[in-house]
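Q: Take a look at the following structure, please.
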Amino acid sequence: QVQLVESGGGSVQSGGSLRLSCAASERTFSSGAWGWFRQAPGQRREFVAAWRRSGGNTAYADSVKGRFTISVDDSKNMVNLQMTNLEPGDTAIYYCAARVSRPILSSLSVGSQYDYWGQGTQVTVSS
C-alpha cells in the first residue's frame with residue numbers, strides 16, 4: 001500500500017509564500033498523475049492543481065492560477081506545490097493525491113479519480 005506523506009504547511013501572512021511537498025513511500029511507485037486538493041472548514045473539498053505524466057500537462061483551479069505552481073521530482077518520487085501571494089481564502093487543509101493509471105485531462109480535477117491520498121497539511125493565511 002502506497003502512502004503519501006506531506007510536509008510544508010504552516011501559517012503565513014497575506015502575500016506570503018509556502019511550499020508544500022508530498023512524497024510516496026514506495027520508491028518504485030510511478031504515478032500517472034499527481035493532484036493537490038484542499039478543504040476549508042465547513043466547505044467541500046476542492047481541486048487546486050494537478051500534473052499528468054503523459055505530456056507533462058498541468059491544470060489549476062481558477063482561484064490559484066498565476067499564484068500556485070505544481071511540479072514533480074521523479075528522482076524523489078515527490079510532488080510540490082509552490083504557493084505565492086497567499087490570501088486568507090487559501091486557508092485550508094491541503095491534500096496531495098496520486099493516480100496510478102494515466103487519466104484523461106478532464107478528470108484531473110476529480111478527486112474520485114485518484115487512488116492514494118496524503119494525510120493533509122494545514123495552511124493558514126492571516127490578513
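To be explicit about the labels: the chains of the C-alpha cells are called A, B, and onward in the order shown, and within each one the residues are counted from 1, while ligands get numbers from 1 in the order they are shown.
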Within 8 Å of segment 68-84 of chain A, counting only C-alpha atoms, which residues qualify if same-chain residues fewer than 6 places away don't, as a ChimeraX atom specification?

A: /A:15-24,27,29-30,34,36,49-51,58

Q: For each of A:Leu86, A:Val110, A:Val123, A:Val48, take the minimum atom-to-atom distance to Ser7 of chain A, counting only C-alpha atoms, then give the residue where this is smallest.

A: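 Answer, going by the shortest atom-to-atom distance: A:Val123.
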
Q: Taking the DSSP assignment computed from this structure's backbone, write out as a list in words all residues of chain A that belong to helix (DSSP H, G or I).

A: Ser54, Gly55, Gly56, Asp74, Ser75, Lys76, Pro88, Gly89, Asp90, Leu105, Ser106, Ser107, Gly111, Ser112 and Gln113 of chain A

Q: Which residue, A:Ala97, A:Val5, A:Val64, A:Leu108, has the smallest gap to Thr121 of chain A when you use only C-alpha atoms?

A: A:Val5

Q: In terms of the shortest atom-to-atom distance over only C-alpha atoms, which of A:Gly111, A:Gly32, A:Gly66, A:Gly42 is closest to Ser54 of chain A?

A: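 Among A:Gly111, A:Gly32, A:Gly66, A:Gly42, it is A:Gly32 that comes nearest to Ser54 of chain A.
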
Q: List as a list in words the protein and nucleic acid residues near Ala33 of chain A, meaning an atom at most 8 Å away when only C-alpha atoms are counted, but skip any in the same chain fewer than 4 places from it.

A: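 Near Ala33 of chain A, the qualifying residues are Ala50, Trp51, Arg52, Arg53, Ala98, Arg99, Val100, Ser101, Arg102, Pro103 and Leu108 of chain A.
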
Q: Keeping only N, CA, C and O atoms, write the selected residues to a file as an mmCIF file, in the first residue's frame.

A:
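Result file is out-v6.cif:
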```
data_model
loop_
_atom_site.group_PDB
_atom_site.id
_atom_site.type_symbol
_atom_site.label_atom_id
_atom_site.label_comp_id
_atom_site.auth_asym_id
_atom_site.auth_seq_id
_atom_site.Cartn_x
_atom_site.Cartn_y
_atom_site.Cartn_z
ATOM 1 N N ALA A 50 -3.037 20.012 -10.588
ATOM 2 C CA ALA A 50 -2.728 18.635 -10.949
ATOM 3 C C ALA A 50 -1.678 18.593 -12.041
ATOM 4 O O ALA A 50 -1.492 19.563 -12.792
ATOM 5 N N TRP A 51 -1.013 17.478 -12.129
ATOM 6 C CA TRP A 51 0.037 17.243 -13.133
ATOM 7 C C TRP A 51 -0.171 15.860 -13.709
ATOM 8 O O TRP A 51 -0.390 14.906 -12.960
ATOM 9 N N ARG A 52 -0.121 15.758 -15.018
ATOM 10 C CA ARG A 52 -0.279 14.466 -15.671
ATOM 11 C C ARG A 52 1.031 14.077 -16.332
ATOM 12 O O ARG A 52 1.622 14.878 -17.054
ATOM 13 N N ARG A 53 1.474 12.859 -16.070
ATOM 14 C CA ARG A 53 2.757 12.407 -16.588
ATOM 15 C C ARG A 53 2.785 12.435 -18.119
ATOM 16 O O ARG A 53 3.748 12.911 -18.710
ATOM 17 N N ALA A 98 -2.539 10.839 -5.608
ATOM 18 C CA ALA A 98 -1.839 10.216 -6.727
ATOM 19 C C ALA A 98 -2.750 9.204 -7.414
ATOM 20 O O ALA A 98 -3.522 8.497 -6.760
ATOM 21 N N ARG A 99 -2.623 9.191 -8.713
ATOM 22 C CA ARG A 99 -3.375 8.218 -9.511
ATOM 23 C C ARG A 99 -2.365 7.335 -10.224
ATOM 24 O O ARG A 99 -1.399 7.847 -10.800
ATOM 25 N N VAL A 100 -2.601 6.053 -10.226
ATOM 26 C CA VAL A 100 -1.659 5.119 -10.834
ATOM 27 C C VAL A 100 -1.731 5.172 -12.350
ATOM 28 O O VAL A 100 -0.725 5.318 -13.034
ATOM 29 N N SER A 101 -2.909 5.063 -12.887
ATOM 30 C CA SER A 101 -3.048 5.000 -14.339
ATOM 31 C C SER A 101 -3.127 6.407 -14.930
ATOM 32 O O SER A 101 -3.382 7.384 -14.233
ATOM 33 N N ARG A 102 -2.927 6.475 -16.230
ATOM 34 C CA ARG A 102 -2.961 7.768 -16.911
ATOM 35 C C ARG A 102 -4.404 8.246 -17.036
ATOM 36 O O ARG A 102 -5.240 7.564 -17.596
ATOM 37 N N PRO A 103 -4.695 9.429 -16.509
ATOM 38 C CA PRO A 103 -6.070 9.934 -16.595
ATOM 39 C C PRO A 103 -6.267 10.787 -17.840
ATOM 40 O O PRO A 103 -5.318 11.271 -18.441
ATOM 41 N N LEU A 108 -8.600 15.292 -14.247
ATOM 42 C CA LEU A 108 -7.547 15.670 -13.304
ATOM 43 C C LEU A 108 -8.102 16.396 -12.084
ATOM 44 O O LEU A 108 -7.530 16.319 -11.013
#
```

Q: Nearest to Thr91 of chain A among A:Ile104, A:Val2, A:Val125, A:Ala59, with distances taken over only C-alpha atoms: which residue is it?

A: A:Val125

Q: Closest to Ile93 of chain A among A:Ser106, A:Lys65, A:Trp117, A:Gly9, using only C-alpha atoms?

A: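 With only C-alpha atoms as the atom set, the closest residue is A:Gly9.
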
Q: Name all residues at most 8 Å from Gly120 of chain A (count only C-alpha atoms; drop same-chain ones fewer than 4 positions away) and give them as a CSV table (one decimal) with N, CA and C atoms, in the first residue's frame.

A:
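That gives us result13.csv:
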```
chain,number,residue,atom,x,y,z
A,6,GLU,N,3.0,14.2,3.4
A,6,GLU,CA,3.0,15.6,3.1
A,6,GLU,C,3.9,16.4,4.1
A,93,ILE,N,-7.0,22.8,4.8
A,93,ILE,CA,-6.1,21.6,4.8
A,93,ILE,C,-5.8,21.2,3.4
A,94,TYR,N,-4.6,21.0,3.1
A,94,TYR,CA,-4.2,20.7,1.7
A,94,TYR,C,-3.8,19.2,1.7
A,95,TYR,N,-4.4,18.5,0.7
A,95,TYR,CA,-4.1,17.1,0.5
A,95,TYR,C,-3.5,16.8,-0.9
A,96,CYS,N,-2.5,16.0,-0.9
A,96,CYS,CA,-2.0,15.5,-2.2
A,96,CYS,C,-2.6,14.2,-2.5
```

Q: Segment 31-118 of chain A: which residues are strand (DSSP E or B) by DSSP, as a tab-separated table (two decimals) with all heavy atoms, in the first residue's frame?

A:
```tsv
chain	number	residue	atom	x	y	z
A	33	ALA	N	-0.59	10.49	-12.51
A	33	ALA	CA	-0.94	11.88	-12.24
A	33	ALA	C	-0.81	12.16	-10.75
A	33	ALA	O	-0.98	11.27	-9.92
A	33	ALA	CB	-2.37	12.18	-12.69
A	34	TRP	N	-0.50	13.40	-10.44
A	34	TRP	CA	-0.49	13.91	-9.08
A	34	TRP	C	-1.49	15.06	-8.99
A	34	TRP	O	-1.65	15.81	-9.94
A	34	TRP	CB	0.89	14.47	-8.71
A	34	TRP	CG	1.99	13.49	-8.52
A	34	TRP	CD1	2.94	13.13	-9.44
A	34	TRP	CD2	2.33	12.78	-7.33
A	34	TRP	NE1	3.82	12.23	-8.90
A	34	TRP	CE2	3.47	12.00	-7.59
A	34	TRP	CE3	1.76	12.72	-6.04
A	34	TRP	CZ2	4.07	11.17	-6.64
A	34	TRP	CZ3	2.35	11.91	-5.09
A	34	TRP	CH2	3.49	11.15	-5.40
A	35	GLY	N	-2.09	15.18	-7.82
A	35	GLY	CA	-3.03	16.28	-7.64
A	35	GLY	C	-2.92	16.88	-6.26
A	35	GLY	O	-2.43	16.23	-5.33
A	36	TRP	N	-3.35	18.12	-6.15
A	36	TRP	CA	-3.48	18.79	-4.85
A	36	TRP	C	-4.93	19.25	-4.71
A	36	TRP	O	-5.49	19.84	-5.64
A	36	TRP	CB	-2.56	19.99	-4.74
A	36	TRP	CG	-1.12	19.65	-4.52
A	36	TRP	CD1	-0.14	19.57	-5.47
A	36	TRP	CD2	-0.49	19.34	-3.27
A	36	TRP	NE1	1.06	19.22	-4.88
A	36	TRP	CE2	0.87	19.08	-3.53
A	36	TRP	CE3	-0.94	19.26	-1.95
A	36	TRP	CZ2	1.78	18.74	-2.53
A	36	TRP	CZ3	-0.04	18.93	-0.95
A	36	TRP	CH2	1.30	18.68	-1.23
A	37	PHE	N	-5.50	18.99	-3.57
A	37	PHE	CA	-6.85	19.42	-3.24
A	37	PHE	C	-6.81	20.10	-1.88
A	37	PHE	O	-5.83	19.98	-1.15
A	37	PHE	CB	-7.79	18.21	-3.18
A	37	PHE	CG	-8.00	17.54	-4.51
A	37	PHE	CD1	-7.04	16.70	-5.05
A	37	PHE	CD2	-9.18	17.75	-5.22
A	37	PHE	CE1	-7.22	16.09	-6.28
A	37	PHE	CE2	-9.37	17.14	-6.46
A	37	PHE	CZ	-8.39	16.31	-6.99
A	38	ARG	N	-7.85	20.84	-1.56
A	38	ARG	CA	-7.89	21.49	-0.25
A	38	ARG	C	-9.32	21.50	0.28
A	38	ARG	O	-10.29	21.43	-0.49
A	38	ARG	CB	-7.34	22.91	-0.33
A	38	ARG	CG	-8.19	23.88	-1.15
A	38	ARG	CD	-7.46	25.22	-1.29
A	38	ARG	NE	-8.26	26.19	-2.03
A	38	ARG	CZ	-7.82	27.39	-2.40
A	38	ARG	NH1	-6.56	27.76	-2.11
A	38	ARG	NH2	-8.61	28.22	-3.05
A	39	GLN	N	-9.41	21.60	1.59
A	39	GLN	CA	-10.73	21.66	2.23
A	39	GLN	C	-10.67	22.66	3.37
A	39	GLN	O	-9.92	22.49	4.33
A	39	GLN	CB	-11.15	20.28	2.74
A	39	GLN	CG	-12.57	20.25	3.28
A	39	GLN	CD	-13.07	18.84	3.51
A	39	GLN	OE1	-12.30	17.88	3.62
A	39	GLN	NE2	-14.39	18.69	3.55
A	46	GLU	N	-12.00	20.82	-2.54
A	46	GLU	CA	-11.95	21.39	-3.88
A	46	GLU	C	-10.59	21.16	-4.52
A	46	GLU	O	-9.57	21.04	-3.85
A	46	GLU	CB	-12.26	22.89	-3.85
A	46	GLU	CG	-11.24	23.74	-3.11
A	46	GLU	CD	-11.54	25.23	-3.24
A	46	GLU	OE1	-12.55	25.61	-3.84
A	46	GLU	OE2	-10.72	26.02	-2.73
A	47	PHE	N	-10.61	21.12	-5.82
A	47	PHE	CA	-9.41	20.92	-6.62
A	47	PHE	C	-8.54	22.16	-6.58
A	47	PHE	O	-9.05	23.28	-6.61
A	47	PHE	CB	-9.81	20.59	-8.06
A	47	PHE	CG	-8.70	20.64	-9.04
A	47	PHE	CD1	-7.74	19.65	-9.08
A	47	PHE	CD2	-8.60	21.68	-9.96
A	47	PHE	CE1	-6.70	19.69	-9.99
A	47	PHE	CE2	-7.58	21.74	-10.88
A	47	PHE	CZ	-6.62	20.74	-10.90
A	48	VAL	N	-7.22	21.94	-6.54
A	48	VAL	CA	-6.28	23.06	-6.56
A	48	VAL	C	-5.40	23.00	-7.80
A	48	VAL	O	-5.35	23.94	-8.58
A	48	VAL	CB	-5.40	23.06	-5.29
A	48	VAL	CG1	-4.35	24.18	-5.37
A	48	VAL	CG2	-6.26	23.21	-4.04
A	49	ALA	N	-4.68	21.89	-7.96
A	49	ALA	CA	-3.75	21.77	-9.08
A	49	ALA	C	-3.48	20.30	-9.36
A	49	ALA	O	-3.66	19.46	-8.48
A	49	ALA	CB	-2.44	22.50	-8.78
A	50	ALA	N	-3.04	20.01	-10.59
A	50	ALA	CA	-2.73	18.64	-10.95
A	50	ALA	C	-1.68	18.59	-12.04
A	50	ALA	O	-1.49	19.56	-12.79
A	50	ALA	CB	-3.98	17.90	-11.40
A	51	TRP	N	-1.01	17.48	-12.13
A	51	TRP	CA	0.04	17.24	-13.13
A	51	TRP	C	-0.17	15.86	-13.71
A	51	TRP	O	-0.39	14.91	-12.96
A	51	TRP	CB	1.40	17.34	-12.46
A	51	TRP	CG	2.57	16.95	-13.30
A	51	TRP	CD1	3.32	17.75	-14.10
A	51	TRP	CD2	3.16	15.65	-13.42
A	51	TRP	NE1	4.33	17.04	-14.70
A	51	TRP	CE2	4.26	15.74	-14.31
A	51	TRP	CE3	2.87	14.40	-12.85
A	51	TRP	CZ2	5.05	14.65	-14.64
A	51	TRP	CZ3	3.66	13.32	-13.18
A	51	TRP	CH2	4.74	13.45	-14.06
A	52	ARG	N	-0.12	15.76	-15.02
A	52	ARG	CA	-0.28	14.47	-15.67
A	52	ARG	C	1.03	14.08	-16.33
A	52	ARG	O	1.62	14.88	-17.05
A	52	ARG	CB	-1.40	14.53	-16.72
A	52	ARG	CG	-1.72	13.17	-17.32
A	52	ARG	CD	-2.88	13.25	-18.29
A	52	ARG	NE	-2.49	13.82	-19.58
A	52	ARG	CZ	-3.19	13.66	-20.70
A	52	ARG	NH1	-4.32	12.96	-20.67
A	52	ARG	NH2	-2.80	14.24	-21.81
A	57	ASN	N	1.22	17.63	-18.71
A	57	ASN	CA	0.16	18.64	-18.60
A	57	ASN	C	-0.08	19.04	-17.15
A	57	ASN	O	0.03	18.23	-16.25
A	57	ASN	CB	-1.14	18.09	-19.18
A	57	ASN	CG	-1.00	17.60	-20.59
A	57	ASN	OD1	-0.88	16.40	-20.81
A	57	ASN	ND2	-0.99	18.51	-21.54
A	58	THR	N	-0.40	20.30	-16.96
A	58	THR	CA	-0.79	20.78	-15.65
A	58	THR	C	-2.17	21.43	-15.73
A	58	THR	O	-2.59	21.88	-16.80
A	58	THR	CB	0.20	21.80	-15.08
A	58	THR	OG1	0.32	22.89	-16.01
A	58	THR	CG2	1.56	21.18	-14.86
A	59	ALA	N	-2.85	21.44	-14.60
A	59	ALA	CA	-4.16	22.07	-14.52
A	59	ALA	C	-4.27	22.78	-13.19
A	59	ALA	O	-3.71	22.32	-12.18
A	59	ALA	CB	-5.27	21.03	-14.66
A	60	TYR	N	-4.96	23.91	-13.18
A	60	TYR	CA	-5.10	24.70	-11.97
A	60	TYR	C	-6.54	25.18	-11.82
A	60	TYR	O	-7.22	25.46	-12.80
A	60	TYR	CB	-4.19	25.93	-12.01
A	60	TYR	CG	-2.72	25.61	-12.04
A	60	TYR	CD1	-2.03	25.48	-13.23
A	60	TYR	CD2	-2.03	25.42	-10.84
A	60	TYR	CE1	-0.69	25.18	-13.25
A	60	TYR	CE2	-0.67	25.12	-10.85
A	60	TYR	CZ	-0.01	25.00	-12.06
A	60	TYR	OH	1.33	24.69	-12.06
A	68	PHE	N	-0.06	29.70	-7.84
A	68	PHE	CA	0.42	28.39	-7.41
A	68	PHE	C	1.08	27.68	-8.60
A	68	PHE	O	0.64	27.82	-9.74
A	68	PHE	CB	-0.73	27.52	-6.92
A	68	PHE	CG	-1.34	27.96	-5.61
A	68	PHE	CD1	-1.05	29.19	-5.03
A	68	PHE	CD2	-2.23	27.12	-4.95
A	68	PHE	CE1	-1.62	29.57	-3.83
A	68	PHE	CE2	-2.81	27.49	-3.75
A	68	PHE	CZ	-2.50	28.72	-3.19
A	69	THR	N	2.09	26.87	-8.30
A	69	THR	CA	2.77	26.09	-9.33
A	69	THR	C	2.99	24.67	-8.81
A	69	THR	O	3.57	24.49	-7.75
A	69	THR	CB	4.11	26.71	-9.71
A	69	THR	OG1	3.93	28.06	-10.14
A	69	THR	CG2	4.77	25.91	-10.82
A	70	ILE	N	2.53	23.70	-9.59
A	70	ILE	CA	2.76	22.30	-9.25
A	70	ILE	C	3.97	21.80	-10.03
A	70	ILE	O	4.17	22.14	-11.18
A	70	ILE	CB	1.52	21.43	-9.55
A	70	ILE	CG1	1.71	20.01	-9.03
A	70	ILE	CG2	1.17	21.45	-11.03
A	70	ILE	CD1	0.44	19.17	-9.09
A	71	SER	N	4.80	21.01	-9.35
A	71	SER	CA	5.97	20.45	-10.02
A	71	SER	C	6.24	19.05	-9.45
A	71	SER	O	5.83	18.74	-8.32
A	71	SER	CB	7.20	21.34	-9.82
A	71	SER	OG	7.52	21.45	-8.44
A	72	VAL	N	6.91	18.24	-10.24
A	72	VAL	CA	7.17	16.86	-9.85
A	72	VAL	C	8.67	16.59	-9.93
A	72	VAL	O	9.34	16.98	-10.88
A	72	VAL	CB	6.40	15.88	-10.76
A	72	VAL	CG1	6.82	14.45	-10.49
A	72	VAL	CG2	4.90	16.04	-10.52
A	73	ASP	N	9.18	15.93	-8.91
A	73	ASP	CA	10.58	15.49	-8.88
A	73	ASP	C	10.57	13.97	-8.90
A	73	ASP	O	10.41	13.34	-7.86
A	73	ASP	CB	11.26	16.03	-7.62
A	73	ASP	CG	12.74	15.72	-7.59
A	73	ASP	OD1	13.19	14.83	-8.35
A	73	ASP	OD2	13.46	16.36	-6.81
A	78	MET	N	8.26	12.65	-5.78
A	78	MET	CA	7.67	13.71	-4.98
A	78	MET	C	6.97	14.73	-5.86
A	78	MET	O	7.39	15.00	-6.98
A	78	MET	CB	8.79	14.38	-4.17
A	78	MET	CG	8.39	15.60	-3.38
A	78	MET	SD	9.81	16.31	-2.52
A	78	MET	CE	10.07	15.09	-1.24
A	79	VAL	N	5.92	15.30	-5.31
A	79	VAL	CA	5.22	16.41	-5.96
A	79	VAL	C	5.27	17.60	-5.02
A	79	VAL	O	5.18	17.45	-3.81
A	79	VAL	CB	3.76	16.04	-6.32
A	79	VAL	CG1	2.95	15.71	-5.07
A	79	VAL	CG2	3.11	17.14	-7.11
A	80	ASN	N	5.43	18.78	-5.62
A	80	ASN	CA	5.49	20.01	-4.84
A	80	ASN	C	4.40	20.97	-5.28
A	80	ASN	O	3.95	20.92	-6.43
A	80	ASN	CB	6.85	20.68	-5.01
A	80	ASN	CG	7.99	19.78	-4.62
A	80	ASN	OD1	8.09	19.33	-3.47
A	80	ASN	ND2	8.88	19.49	-5.56
A	81	LEU	N	4.02	21.84	-4.36
A	81	LEU	CA	3.08	22.91	-4.69
A	81	LEU	C	3.67	24.20	-4.13
A	81	LEU	O	3.69	24.39	-2.92
A	81	LEU	CB	1.70	22.65	-4.10
A	81	LEU	CG	0.64	23.66	-4.49
A	81	LEU	CD1	0.30	23.55	-5.98
A	81	LEU	CD2	-0.64	23.48	-3.65
A	82	GLN	N	4.17	25.03	-5.03
A	82	GLN	CA	4.69	26.33	-4.63
A	82	GLN	C	3.54	27.32	-4.62
A	82	GLN	O	2.88	27.52	-5.65
A	82	GLN	CB	5.78	26.79	-5.60
A	82	GLN	CG	6.38	28.14	-5.26
A	82	GLN	CD	7.16	28.11	-3.96
A	82	GLN	OE1	7.98	27.22	-3.73
A	82	GLN	NE2	6.93	29.10	-3.10
A	83	MET	N	3.31	27.93	-3.48
A	83	MET	CA	2.19	28.86	-3.33
A	83	MET	C	2.73	30.24	-3.02
A	83	MET	O	3.47	30.42	-2.05
A	83	MET	CB	1.26	28.38	-2.21
A	83	MET	CG	0.77	26.96	-2.37
A	83	MET	SD	-0.40	26.44	-1.11
A	83	MET	CE	0.65	26.47	0.34
A	92	ALA	N	-6.79	26.40	4.47
A	92	ALA	CA	-7.44	25.10	4.34
A	92	ALA	C	-6.46	24.01	4.72
A	92	ALA	O	-5.27	24.27	4.91
A	92	ALA	CB	-7.92	24.89	2.90
A	93	ILE	N	-6.98	22.80	4.78
A	93	ILE	CA	-6.10	21.63	4.85
A	93	ILE	C	-5.84	21.21	3.40
A	93	ILE	O	-6.80	21.04	2.63
A	93	ILE	CB	-6.75	20.48	5.65
A	93	ILE	CG1	-6.99	20.93	7.09
A	93	ILE	CG2	-5.85	19.25	5.60
A	93	ILE	CD1	-7.73	19.90	7.92
A	94	TYR	N	-4.59	21.05	3.07
A	94	TYR	CA	-4.21	20.68	1.71
A	94	TYR	C	-3.83	19.20	1.66
A	94	TYR	O	-3.06	18.71	2.50
A	94	TYR	CB	-3.03	21.54	1.25
A	94	TYR	CG	-3.44	22.93	0.87
A	94	TYR	CD1	-3.86	23.84	1.84
A	94	TYR	CD2	-3.45	23.36	-0.46
A	94	TYR	CE1	-4.27	25.12	1.50
A	94	TYR	CE2	-3.85	24.63	-0.81
A	94	TYR	CZ	-4.26	25.50	0.17
A	94	TYR	OH	-4.68	26.77	-0.18
A	95	TYR	N	-4.37	18.52	0.67
A	95	TYR	CA	-4.14	17.09	0.48
A	95	TYR	C	-3.49	16.83	-0.87
A	95	TYR	O	-3.94	17.38	-1.88
A	95	TYR	CB	-5.46	16.33	0.54
A	95	TYR	CG	-6.22	16.45	1.83
A	95	TYR	CD1	-7.16	17.46	2.01
A	95	TYR	CD2	-6.01	15.54	2.86
A	95	TYR	CE1	-7.86	17.57	3.20
A	95	TYR	CE2	-6.72	15.65	4.06
A	95	TYR	CZ	-7.64	16.66	4.22
A	95	TYR	OH	-8.35	16.77	5.39
A	96	CYS	N	-2.48	15.98	-0.87
A	96	CYS	CA	-1.96	15.53	-2.16
A	96	CYS	C	-2.62	14.20	-2.50
A	96	CYS	O	-3.10	13.48	-1.62
A	96	CYS	CB	-0.44	15.40	-2.13
A	96	CYS	SG	0.19	14.05	-1.15
A	97	ALA	N	-2.65	13.89	-3.76
A	97	ALA	CA	-3.27	12.67	-4.24
A	97	ALA	C	-2.49	12.15	-5.43
A	97	ALA	O	-1.89	12.93	-6.17
A	97	ALA	CB	-4.72	12.95	-4.62
A	98	ALA	N	-2.54	10.84	-5.61
A	98	ALA	CA	-1.84	10.22	-6.73
A	98	ALA	C	-2.75	9.20	-7.41
A	98	ALA	O	-3.52	8.50	-6.76
A	98	ALA	CB	-0.57	9.52	-6.24
A	99	ARG	N	-2.62	9.19	-8.71
A	99	ARG	CA	-3.37	8.22	-9.51
A	99	ARG	C	-2.37	7.34	-10.22
A	99	ARG	O	-1.40	7.85	-10.80
A	99	ARG	CB	-4.27	8.93	-10.51
A	99	ARG	CG	-5.01	8.02	-11.46
A	99	ARG	CD	-5.77	8.80	-12.50
A	99	ARG	NE	-6.21	7.95	-13.58
A	99	ARG	CZ	-7.49	7.60	-13.76
A	99	ARG	NH1	-8.42	8.03	-12.94
A	99	ARG	NH2	-7.82	6.83	-14.78
A	116	TYR	N	-4.62	7.25	-4.27
A	116	TYR	CA	-3.97	7.41	-2.96
A	116	TYR	C	-4.03	8.85	-2.51
A	116	TYR	O	-3.94	9.77	-3.34
A	116	TYR	CB	-2.51	6.95	-3.03
A	116	TYR	CG	-2.35	5.52	-3.46
A	116	TYR	CD1	-1.94	5.20	-4.75
A	116	TYR	CD2	-2.59	4.48	-2.57
A	116	TYR	CE1	-1.80	3.89	-5.15
A	116	TYR	CE2	-2.45	3.15	-2.97
A	116	TYR	CZ	-2.05	2.87	-4.25
A	116	TYR	OH	-1.92	1.56	-4.64
A	117	TRP	N	-4.13	9.04	-1.20
A	117	TRP	CA	-4.24	10.38	-0.62
A	117	TRP	C	-3.29	10.53	0.57
A	117	TRP	O	-3.05	9.57	1.31
A	117	TRP	CB	-5.66	10.64	-0.13
A	117	TRP	CG	-6.64	10.78	-1.25
A	117	TRP	CD1	-7.24	9.77	-1.95
A	117	TRP	CD2	-7.10	12.00	-1.82
A	117	TRP	NE1	-8.06	10.30	-2.92
A	117	TRP	CE2	-7.99	11.66	-2.87
A	117	TRP	CE3	-6.86	13.34	-1.56
A	117	TRP	CZ2	-8.63	12.63	-3.64
A	117	TRP	CZ3	-7.49	14.30	-2.33
A	117	TRP	CH2	-8.37	13.94	-3.36
A	118	GLY	N	-2.78	11.74	0.72
A	118	GLY	CA	-1.99	12.06	1.89
A	118	GLY	C	-2.88	12.37	3.08
A	118	GLY	O	-4.10	12.43	2.96
```

Q: In Å, how far is it from atom CA of Ser25 of chain A to atom CA of Leu105 of chain A?

A: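 Separation of atom CA of Ser25 of chain A and atom CA of Leu105 of chain A: 25.7 Å.
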
Q: At a cut-off of 8 Å, using only C-alpha atoms, what residues contact Ser127 of chain A? Leave out same-chain residues fewer than 4 positions from it and give the result as a ChimeraX atom specification.

A: /A:13-14,87-88

Q: Store the residues picked out above, limited to C-alpha atoms, as a PDB file, in the first residue's frame.

A:
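In the end it all went to result-v7.pdb:
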```
ATOM      1  CA  GLN A  13       0.542  36.466   6.449  1.00  0.00           C
ATOM      2  CA  SER A  14      -1.354  37.560   3.399  1.00  0.00           C
ATOM      3  CA  GLU A  87      -4.659  35.095   0.547  1.00  0.00           C
ATOM      4  CA  PRO A  88      -6.824  34.385   3.598  1.00  0.00           C
TER       5      PRO A  88
END
```
